[in-house]
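These notes concern the structure reproduced below.
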Amino acid sequence: MRFNRLGALAAAGSLLATSVVALAAGPSASAASPTKITFAYDFPGPDFELTPLVVAQDQGFFKAAGLQVSVVFPPNTSTTTKMLATGSAGIGFLTTTDMGVAVDVGVPVLSVANYSMRNNWALFAKPGTKLTAANLKSALKGKKIFSYGDTWTEAMLPFVLKKAGLSTSQVKIITDPTGNDLTDLLAGKVDFSTSTTNYEIPGFQGSGQKGQLTQLLGTAAGAPDIPIWVYAVTKSYANAHGANVKAFLTAVKKATAWAAKNPTKAAAEFTKAYPKSGYTPAYNQAGWKLTIPFLTNTHGQYFTQTSAQWSTLSKALKSIKLISKVQSPSTYFTNKFLP
Amino acid sequence: MSGARDSGVARPVKSFTYRSVAGPGRETSRRSGKWRAVARNVGIPILSMALLVLTWEWIVVGFHIAPYIAPRPMQAYEAVRSDWVTLWPLVLATIRETIYGYSSGALLGVFLGVVMAKVQFLQRMVYPVLVLSQAVPIIALAAPLVLILGFSVVPIVIIVAWIVFFPVTVNVLDGLSHVDQDLLNLARVYGASRWRTFVQIEIPATTTPLFSGLKIGATYAVTGAIIGELVASNGSSLALYQEHANSNLNTPAVYGTTILMTIIGISWFLLVVGAEVLATPWQRRSVARRPWRRRREAALTTAQVEN
C-alpha cells in the first residue's frame with residue numbers, strides 16, 4: 001500500500017515536471033517546428049500530377065520553406081472545394097471550371113496559381129478513326145461520347161458540339177463517373193472518350209493495343225484554350241496565412257522546375273512515394289512527360305494567371321449556363337502570392 | 001389446417017354473445033382503441049420524421065452551415081420542386097428499374113431456395129457460389145456487366161436482382177428446412193402427394209421467412225438501382241442527375257434527390273410489408289378474416305336481438 005502511494009506520488013510529480021518543462025519549452029519548440037499545411041488533391045487517389053509536391057517533399061524544398069505538407073484525397077472530385085471551405089484543407093488542387101462554379105454559388109475560394117497553362121482536353125477515338133475539325137459533324141452525329149460527368153467535360157463538350165453544328169440530342173453522352181473511358185472506348189461501348197492527353201495517351205500505351213489513339217484537341221474543335229488546373233485557397237486562409245501560401249508556392253515552383261528538367265527521376269520519386277497508387281512506373285513517367293509542355297506559358301513562366309483566362313472561362317461557363325453570372329476576373333484569382 | 005377451419009366456424013357465436021352483452025359502450029371503446037392504434041402506428045413515425053427534419057434545420061441554422069455544404073430542408077425541397085419536370089421521369093425510371101430488378105431477383109431467389117431445399121446435392125454445390133457472389137463488391141461486378149451488356153437498363157436490372165435474390169434464397173431455404181416434421185408426417189399418413197404437401201404445408205410454412213427476405217431485399221433494391229444508374233445509365237438517370245448536381249456544387253439538389261431516393265426505398269419496403277400483411281393474416285389474428293363470416297355474424301346478431 002505504502003509502495004503504491006509512493007509510486008502514485010512519484011508519477012504525479014514526474015507528470016507535473018514534464019508539463020512544466022513542456023510549457024517552458026513551448027514557444028521555442030514551436031518556432032523551430034515547421035508550419036503544417038494540408039493539401040487537398042482533386043482526385044480520390046494519387047496520380048502523376050502530384051509529382052511537383054512529391055518532389056518538393058523529397059528534394060527538401062518544403063523543409064527549406066519551413067513547411068510540413070500533408071496530402072489528403074477527397075472522396076470524389078467535387079469535394080475538394082468543400083474541404084477548403086470547411087477548413088479540412090488549407091490549399092487545394094482544382095480545375096478552373098470547379099473554381100468558376102464554386103465562386104458562382106458563393107464559396108469564397110481564390111485561385112493563387114495556375115498548375116497548367118493550356119487546355120489539353122481532347123476527344124479520343126479508336127486507332128484508325130477519322131476525326132478532324134473538318135469532319136467533326138459527320139464523325140460525331142448519332143455517336144456515343146463518354147464523359148466522367150466532371151465540370152470540365154461538361155463545360156468543354158458544348159463548345160465542340162457547337163463547332164460541329166450539333167445539338168446535345170444529336171449525340172449520346174454517356175456519363176459514367178465510376179467507369180474507365182478508355183476501357184469503354186476500346187471495348188466499343190462508346191465511340192469517343194473525353195480526357196486530357198497526359199492521362200489518355202499513357203493509358204492507351206499501357207493497354208497493349210496496337211496503333212495510335214486518334215485524338216482531336218478540344219482547342220482545335222472550338223473549346224477555349226485556358227488552363228485546366230489551379231492551386232486554390234479560401235479567401236480567409238489567404239488573409240490569415242498569406243506567408244504560408246507564398247512559401248508553399250515557392251517550394252512547389254522550384255519542385256515543378258526540377259521535375260520538368262528531370263522527368264524520369266521525378267516520375268520515379270512519385271512512384272516511390274505512392275507505390276500502391278495502382279499505376280505502373282511507365283504510366284507515371286509517360287504521364288508526367290506529357291504534362292510538362294503544358295506547365296509553362298509562352299514566356300516560359302510557371303503559375304502566372306491572367307485576367308484574360310478567367311474572363312474567357314467565366315464567359316464560357318455562362319454561355320453554357322453552368323454559372324449564373326460572369327464576375328470580374330479578380331473575384332477568381334490573385335497573383336500576389338506568386339514567388 | 002383443418003383445426004383452423006373448425007375454429008373459424010365455431011367461434012362466431014361466442015364472439016357475438018360477448019359483444020351483444022358489451023353493447024354500444026364496448027363499440028365506442030373499440031373505435032377509440034382503433035384510433036389509438038392508428039395514432040400509434042402512423043402518428044409516431046410521422047412525429048419522428050418531423051423531429052428529424054427539425055433537427056436538420058436546427059443544425060444547419062444553428063451552426064451557420066453554408067448552403068453549398070449542407071442546405072436547409074426547405075432548400076432541398078425547393079431544389080426538387082423547381083426541377084420536378086426533369087426529375088419526375090428520372091424517378092419513374094428508377095422505380096421501373098427497381099421493379100424489374102426486384103421481381104427478377106425475388107423470383108430467382110424463391111426458385112433457387114426451393115430447388116436447393118429439394119435437391120441436397122445442388123444445395124451443397126450452389127450454396128458456396130451464392131455466398132461468394134455476395135462477397136464480390138457490386139461496383140466491381142458493375143464494370144464488366146457494362147462492358148458485356150453496354151449502357152442500358154439491363155445491367156441495372158441485373159445489379160438489383162443480384163442484390164435481392166440472396167436474402168430471398170437464404171430465407172426460403174431456411175424456411176423449407178424448418179417445416180414442422182409432425183405436420184409432414186401427418187400429411188404422409190393421410191397419403192398426401194409430394195406436390196400437395198409442398199403446396200399446403202411447406203409453402204405456408206415458408207411465408208414468414210420469405211417475407212423477411214423480401215423485406216431485406218426491398219431495402220437494398222433501390223440502392224442497387226442507384227449504383228446501377230451510376231455505372232450503366234444510357235444518357236440520364238436520377239443517380240447521374242445527383243452526380244451532376246454534386247459536381248456543380250448544387251448541394252440542395254443533391255440533398256433533394258437523396259430524399260427522393262429514400263422515399264422510393266421506403267415506399268418499396270412499405271409495399272412489401274403491405275403484401276405481407278395481406279398474405280399472412282394469421283400473424284395478426286387467430287382466425288382468417290372472411291367476408292362470409294362477417295355476414296353470418298351480422299345475421300346471428302339480428303336473430304339474437306329479435307329473440
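Residue numbers start at 1 in each chain; chains themselves are named A, B, ... in the order of the C-alpha cells; ligands are numbered from 1 in the order shown.
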
Find the nearest atom pair between each residue of chain A and chain B for residues within 6 Å, count only C-alpha atoms, give distances in Å to one decimal, sort rows by chain and ascending number, and present the table as CSV.
```
residue,atom,partner,partner_atom,distance
A:Ser78,CA,B:Ser247,CA,5.1
A:Ile173,CA,B:Gly235,CA,5.7
A:Ile174,CA,B:Gly235,CA,5.1
A:Asp176,CA,B:Val231,CA,5.2
A:Lys189,CA,B:Gly150,CA,5.8
```

Range 57-256 of chain B: residues DSSP assigns to helix (DSSP H, G or I), reported as a ChimeraX atom specification
/B:57-62,73-82,84-118,120-135,138-149,153-177,181-189,194-232,238-247,251-256

Please provide as a ChimeraX atom specification all residues within 7 Å of Met117 in chain A, with the sequence filter that same-chain residues fewer than 2 positions apart are discarded (counting only C-alpha atoms).
/A:114-115,226-227,294-297

Please produce an output containing C-alpha atoms for each residue in the selection, written as an mmCIF file, in the first residue's frame.
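Final output, out.cif:
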```cif
data_model
loop_
_atom_site.group_PDB
_atom_site.id
_atom_site.type_symbol
_atom_site.label_atom_id
_atom_site.label_comp_id
_atom_site.auth_asym_id
_atom_site.auth_seq_id
_atom_site.Cartn_x
_atom_site.Cartn_y
_atom_site.Cartn_z
ATOM 1 C CA ASN A 114 -2.042 28.033 -62.387
ATOM 2 C CA TYR A 115 -0.842 24.452 -62.436
ATOM 3 C CA ILE A 226 -7.479 28.121 -70.937
ATOM 4 C CA PRO A 227 -5.653 26.478 -68.025
ATOM 5 C CA PHE A 294 1.564 22.459 -70.516
ATOM 6 C CA LEU A 295 3.132 23.786 -67.310
ATOM 7 C CA THR A 296 4.600 26.999 -68.721
ATOM 8 C CA ASN A 297 3.148 29.857 -70.718
#
```

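The shell of residues at most 9 Å from Ala268 in chain A, with only C-alpha atoms counted and near chain neighbours (fewer than 3 positions) removed, consists of Pro263, Thr264, Lys265, Thr271, Lys272, Ala273, Pro281, Asn284 and Gln285 of chain A.
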
Got time to write the residues from that selection, C-alpha atoms, as a PDB file, in the first residue's frame?
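Result saved to out-v3.pdb:
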```pdb
ATOM      1  CA  PRO A 263      11.203  13.989 -65.680  1.00  0.00           C
ATOM      2  CA  THR A 264      12.389  10.396 -65.302  1.00  0.00           C
ATOM      3  CA  LYS A 265      13.754  10.956 -61.797  1.00  0.00           C
ATOM      4  CA  THR A 271       6.177   6.031 -57.962  1.00  0.00           C
ATOM      5  CA  LYS A 272       8.299   5.558 -54.841  1.00  0.00           C
ATOM      6  CA  ALA A 273       6.094   7.879 -52.781  1.00  0.00           C
ATOM      7  CA  PRO A 281       6.050   3.373 -63.343  1.00  0.00           C
ATOM      8  CA  ASN A 284       3.616   7.693 -64.340  1.00  0.00           C
ATOM      9  CA  GLN A 285       6.654   8.575 -66.427  1.00  0.00           C
TER      10      GLN A 285
END
```
